[in-house]
There are 2 protein chains.
Amino acid sequence: MFFFKLINLLIMSSGVTIVGAGVTKFGKRTDVSYRDLMAEAIVEAINSTNGEIEPKDIDGLYVAASQPELLVDQAHVGNLAAQVAGITPNIVSRVEMACASGSAAMRNAWAANKSGLADTILLVGLEKMTHNARVASRGLCLVPDVENEAIHGITAYSGFALAAKMHMKEYGTTREQMSSVAVKNHYNAARNPKAQFHEMGEITLEKAINSKMVSEPFNLFDCSPLTDGASAVIITRSDLAKNYTDQPIQILGSGQSTEPSIGVSNMKSITEWHALKRAAKSAYEMANKTPSDIQVAETHDCFTIAEIIEYEDLGFTPKGQGGKFIEEGESHLDGSLPINTSGGLKAKGHPIGATGLAQITEIVNQLRGNAGKRQVADVNVGLTHNLSGFATHHVIHILGN
Amino acid sequence: MFFFKLINLLIMSSGVTIVGAGVTKFGKRTDVSYRDLMAEAIVEAINSTNGEIEPKDIDGLYVAASQPELLVDQAHVGNLAAQVAGITPNIVSRVEMACASGSAAMRNAWAANKSGLADTILLVGLEKMTHNARVASRGLCLVPDVENEAIHGITAYSGFALAAKMHMKEYGTTREQMSSVAVKNHYNAARNPKAQFHEMGEITLEKAINSKMVSEPFNLFDCSPLTDGASAVIITRSDLAKNYTDQPIQILGSGQSTEPSIGVSNMKSITEWHALKRAAKSAYEMANKTPSDIQVAETHDCFTIAEIIEYEDLGFTPKGQGGKFIEEGESHLDGSLPINTSGGLKAKGHPIGATGLAQITEIVNQLRGNAGKRQVADVNVGLTHNLSGFATHHVIHILGN
């Protein structure tokens, strides 16, 4: 009994390692069914291991999906994924935290691994949205506080637009700075074949600034699109990782927090995200890193202003200097801290349930040196930031090799 | 650093203890909103602690909800619960595994606690269904394999009816035995003021047998109802439990498994549930218990045949003897192993997301001696079994004091 406990403790003291990660092509994927899209991501993740992983090795399963009931008439997609993968896991859950479902699933998978419930866990995130834009848009309108706020017109679009106007007023952030985020992210997407707007290529600042109005001050190029896509990640105990890959990526830190609010009502500030700062503090502390250690990051640019606020609240630049950070090119692919090298939600696309794990996949690819034309040189530590609601919930992971 | 690791290991070696558990009145709850129902369950759980728990003590949050997007036009209910509870947890997730959402959430919360991500975790499960029976019924039809099976008429009703017919043919299970499950569970509900059919009182075998046909061989009293209701449970590290209760209940074991299938297609048998048996094996092993150690249980009687199959596959009686087990009164309140003392899904009600945590609450009440007129004498070890889909996914917990 004592020996068993000791072994158990040793297992739990092991780290958690990513051994595989992949994404499907993002965009309009009317060529595949929901479950085929799921399978495609799982195959991508397996292909990024050394190929020695067997279904029987996988004893944990997490599915991140936001609104399959509304969009593809299928509930219980955690069980569906067990069928698609052909496995009978010891722990299985579908996790829904709206746009941050993927990262919330990763946090649970991390805990499942550390607790000893499962050694090797498959995570798959996905959403199919483009076949029914009306339902997808309505689904997004159910994410904020419907009863008290959405009913009065506070949706993601108008809510983040409010934050943009406030940030412009408080800190002098400009129209050009916001559009520069879009220009950068389309530049990166042009270098990522999996990105939704890869084929569109680079865009000019003029094109972004002059695109049509969506919700003042946002125009079209301030907003992430509706997207179909899936992503998958495989994690295992660090001591088992060598069985599956020569390029292990460690989960160094993980942090999560919420506002005590699903809407704007109880937020202290809509331009300084305290829940993000709490989540970041946890992740930096667990990883024993500071913002200056981060060499590449995927952050949640659902709207251009979000990326600017995130530069600040993740600690990459002082409060109020986010606009200047993009203007001076710091977050460009050749800047001091490249951000959203994948193209981000803006230009890689934002299939809700897939986003968190797709962010992690991009950082895995960067740390492994597999990021092709968007590869950042000599990176060893990367960060992902995923949010949901009106920036009321945040999850952050720090990865390293 | 070494000292920190050692402390961490000691924390992780601690057990997980339930310090509070409560349910709302189940039934037609058109008197409250979705969030008020959530609050009601949280208050019930807090009231079952010693009253010393503060919002700041709660650093983890899980919400079990099946279809709030369809039924109450609200997504992101994990974040909503943070607002309702007034907390900013370090880990928060909404878990959806259809009818087993509550137990799947508990398994994740257990892992979060053991991994050190959170010390004291609030779980809340709920569903509001009766205000829109059409949408609720349609929602249930999305749980099996919609693309390949539900589309041909395999819903929960017809699917479990198929299992019933097979079980009758293979093992000689009778109409009377199935109805006896309903009679027993209504008898128990008559002793549980929170049960949906409490006010209906006891029913006769004749009434159950002669009720109207739903899906052959099921008639009305073979089926659990649509229900509004919520449940909440608070867990903490065992070494902290004394701060919150004098009646700690230990989570001795936890097990989960799925079929490699969301529908009947890939199940080896529909009358012997192999995923249940795998989950039970894990839970019994973790708890170091055998079926004969269990003194009281809440099992998933979504249909009467399910409870009969569960007697067998949980190991309470040999395969094929489930019908005899109920016929001989073994599972009655005064039998050798009282099952579904709460009234079960059949008569306590089945608000999908609430069910798993409501089962746990009933066992907590039994072990604490708080079960009123349905109290089983001298019980120290109880079990909960929660399933989802066409019995394709199972979660089992073993509790003790």
# chains A, B, ... in the order shown; residues from 1 in each chain; ligands from 1
call {"tool": "interface_residues", "arguments": {"of": "chain A", "to": "chain B", "cutoff": "8 Å", "atoms": "only C-alpha atoms", "output": "PyMOL selection string"}}
result
chain A and resi 5+9+12-13+67+69-70+73-80+82-98+104-105+107-108+111-112+114-115+117+139+142-146+255-262+275+279+389+392-393
call {"tool": "select_by_dssp", "arguments": {"residues": "stretch 197-266 of chain B", "states": "strand (DSSP E or B)", "output": "NGL selection string"}}
result
:B and (213-215 or 218-219 or 223 or 228-237 or 249-258)
call {"tool": "write_last_selection", "arguments": {"atoms": "C-alpha atoms", "output": "mmCIF file, in the first residue's frame"}}
result
data_model
loop_
_atom_site.group_PDB
_atom_site.id
_atom_site.type_symbol
_atom_site.label_atom_id
_atom_site.label_comp_id
_atom_site.auth_asym_id
_atom_site.auth_seq_id
_atom_site.Cartn_x
_atom_site.Cartn_y
_atom_site.Cartn_z
ATOM 1 C CA MET B 213 -47.861 2.605 -24.025
ATOM 2 C CA VAL B 214 -44.860 4.807 -24.908
ATOM 3 C CA SER B 215 -42.565 2.530 -26.914
ATOM 4 C CA PHE B 218 -42.352 0.538 -22.198
ATOM 5 C CA ASN B 219 -45.421 2.175 -20.851
ATOM 6 C CA CYS B 223 -39.933 6.150 -18.267
ATOM 7 C CA ASP B 228 -36.642 21.182 -13.708
ATOM 8 C CA GLY B 229 -34.117 21.012 -10.917
ATOM 9 C CA ALA B 230 -30.609 21.726 -9.699
ATOM 10 C CA SER B 231 -28.089 20.171 -7.367
ATOM 11 C CA ALA B 232 -24.791 21.336 -5.919
ATOM 12 C CA VAL B 233 -21.867 19.683 -4.173
ATOM 13 C CA ILE B 234 -18.814 21.196 -2.484
ATOM 14 C CA ILE B 235 -15.587 19.181 -2.273
ATOM 15 C CA THR B 236 -12.276 19.978 -0.663
ATOM 16 C CA ARG B 237 -8.960 18.415 0.284
ATOM 17 C CA ILE B 249 -17.975 12.208 3.277
ATOM 18 C CA GLN B 250 -14.995 10.715 1.450
ATOM 19 C CA ILE B 251 -14.862 10.039 -2.277
ATOM 20 C CA LEU B 252 -13.398 6.546 -2.019
ATOM 21 C CA GLY B 253 -13.539 5.620 -5.681
ATOM 22 C CA SER B 254 -14.319 7.005 -9.106
ATOM 23 C CA GLY B 255 -14.584 5.204 -12.445
ATOM 24 C CA GLN B 256 -15.623 6.146 -15.963
ATOM 25 C CA SER B 257 -15.690 4.508 -19.353
ATOM 26 C CA THR B 258 -17.376 4.714 -22.730
#
call {"tool": "residues_around", "arguments": {"residues": "A:Leu37", "least_positions_apart": "3", "cutoff": "10 Å", "atoms": "only C-alpha atoms", "output": "number ranges by chain"}}
result
A: 23-25, 29-34, 40-43, 125-128, 228-231
call {"tool": "write_last_selection", "arguments": {"atoms": "C-alpha atoms", "output": "PDB file, in the first residue's frame"}}
result
ATOM      1  CA  VAL A  23      -5.048  21.460 -37.067  1.00  0.00           C
ATOM      2  CA  THR A  24      -7.220  20.919 -40.103  1.00  0.00           C
ATOM      3  CA  LYS A  25      -7.462  23.447 -42.876  1.00  0.00           C
ATOM      4  CA  ARG A  29     -15.338  23.057 -44.867  1.00  0.00           C
ATOM      5  CA  THR A  30     -18.583  21.993 -46.490  1.00  0.00           C
ATOM      6  CA  ASP A  31     -16.526  19.120 -47.959  1.00  0.00           C
ATOM      7  CA  VAL A  32     -16.575  17.173 -44.672  1.00  0.00           C
ATOM      8  CA  SER A  33     -19.092  16.154 -42.015  1.00  0.00           C
ATOM      9  CA  TYR A  34     -18.682  17.159 -38.365  1.00  0.00           C
ATOM     10  CA  GLU A  40      -9.060  14.888 -39.688  1.00  0.00           C
ATOM     11  CA  ALA A  41      -7.704  16.798 -36.689  1.00  0.00           C
ATOM     12  CA  ILE A  42      -6.996  13.605 -34.746  1.00  0.00           C
ATOM     13  CA  VAL A  43      -5.021  12.250 -37.720  1.00  0.00           C
ATOM     14  CA  GLY A 125     -11.646  20.908 -30.452  1.00  0.00           C
ATOM     15  CA  LEU A 126     -13.946  21.771 -33.304  1.00  0.00           C
ATOM     16  CA  GLU A 127     -16.807  23.769 -34.688  1.00  0.00           C
ATOM     17  CA  LYS A 128     -18.721  23.784 -37.958  1.00  0.00           C
ATOM     18  CA  ASP A 228     -15.200  25.577 -39.801  1.00  0.00           C
ATOM     19  CA  GLY A 229     -12.193  23.791 -38.379  1.00  0.00           C
ATOM     20  CA  ALA A 230     -10.776  21.362 -35.854  1.00  0.00           C
ATOM     21  CA  SER A 231      -7.611  20.914 -33.844  1.00  0.00           C
TER      22      SER A 231
END
call {"tool": "closest_residue", "arguments": {"among": "B:Ile309, B:Thr271, B:Asn386, B:Gln375", "to": "B:Glu170", "atoms": "only C-alpha atoms"}}
result
B:Thr271
call {"tool": "residues_around", "arguments": {"residues": "B:Gly329", "least_positions_apart": "2", "cutoff": "12 Å", "atoms": "only C-alpha atoms", "output": "ChimeraX atom specification"}}
result
/B:177,180-181,183-184,322-327,331-339
call {"tool": "atom_distance", "arguments": {"atom1": "atom CA of B:Gln247", "atom2": "atom CA of B:His300"}}
result
26.0 Å
call {"tool": "residues_around", "arguments": {"residues": "stretch 194-199 of chain A", "least_positions_apart": "3", "cutoff": "9 Å", "atoms": "only C-alpha atoms", "output": "PyMOL selection string"}}
result
chain A and resi 23-28+186-191+202+225+227-228+342-344+346-350
call {"tool": "residues_around", "arguments": {"residues": "stretch 359-363 of chain A", "least_positions_apart": "2", "cutoff": "6 Å", "atoms": "only C-alpha atoms", "output": "mmCIF file with C-alpha atoms, in the first residue's frame"}}
result
data_model
loop_
_atom_site.group_PDB
_atom_site.id
_atom_site.type_symbol
_atom_site.label_atom_id
_atom_site.label_comp_id
_atom_site.auth_asym_id
_atom_site.auth_seq_id
_atom_site.Cartn_x
_atom_site.Cartn_y
_atom_site.Cartn_z
ATOM 1 C CA ALA A 21 -0.654 18.617 -32.147
ATOM 2 C CA GLY A 22 -2.406 19.352 -35.392
ATOM 3 C CA GLU A 298 -0.913 33.276 -29.765
ATOM 4 C CA GLY A 356 -7.777 27.117 -27.903
ATOM 5 C CA LEU A 357 -6.137 23.921 -29.118
ATOM 6 C CA ASN A 365 4.904 24.086 -34.262
ATOM 7 C CA GLN A 366 6.953 27.201 -33.500
#
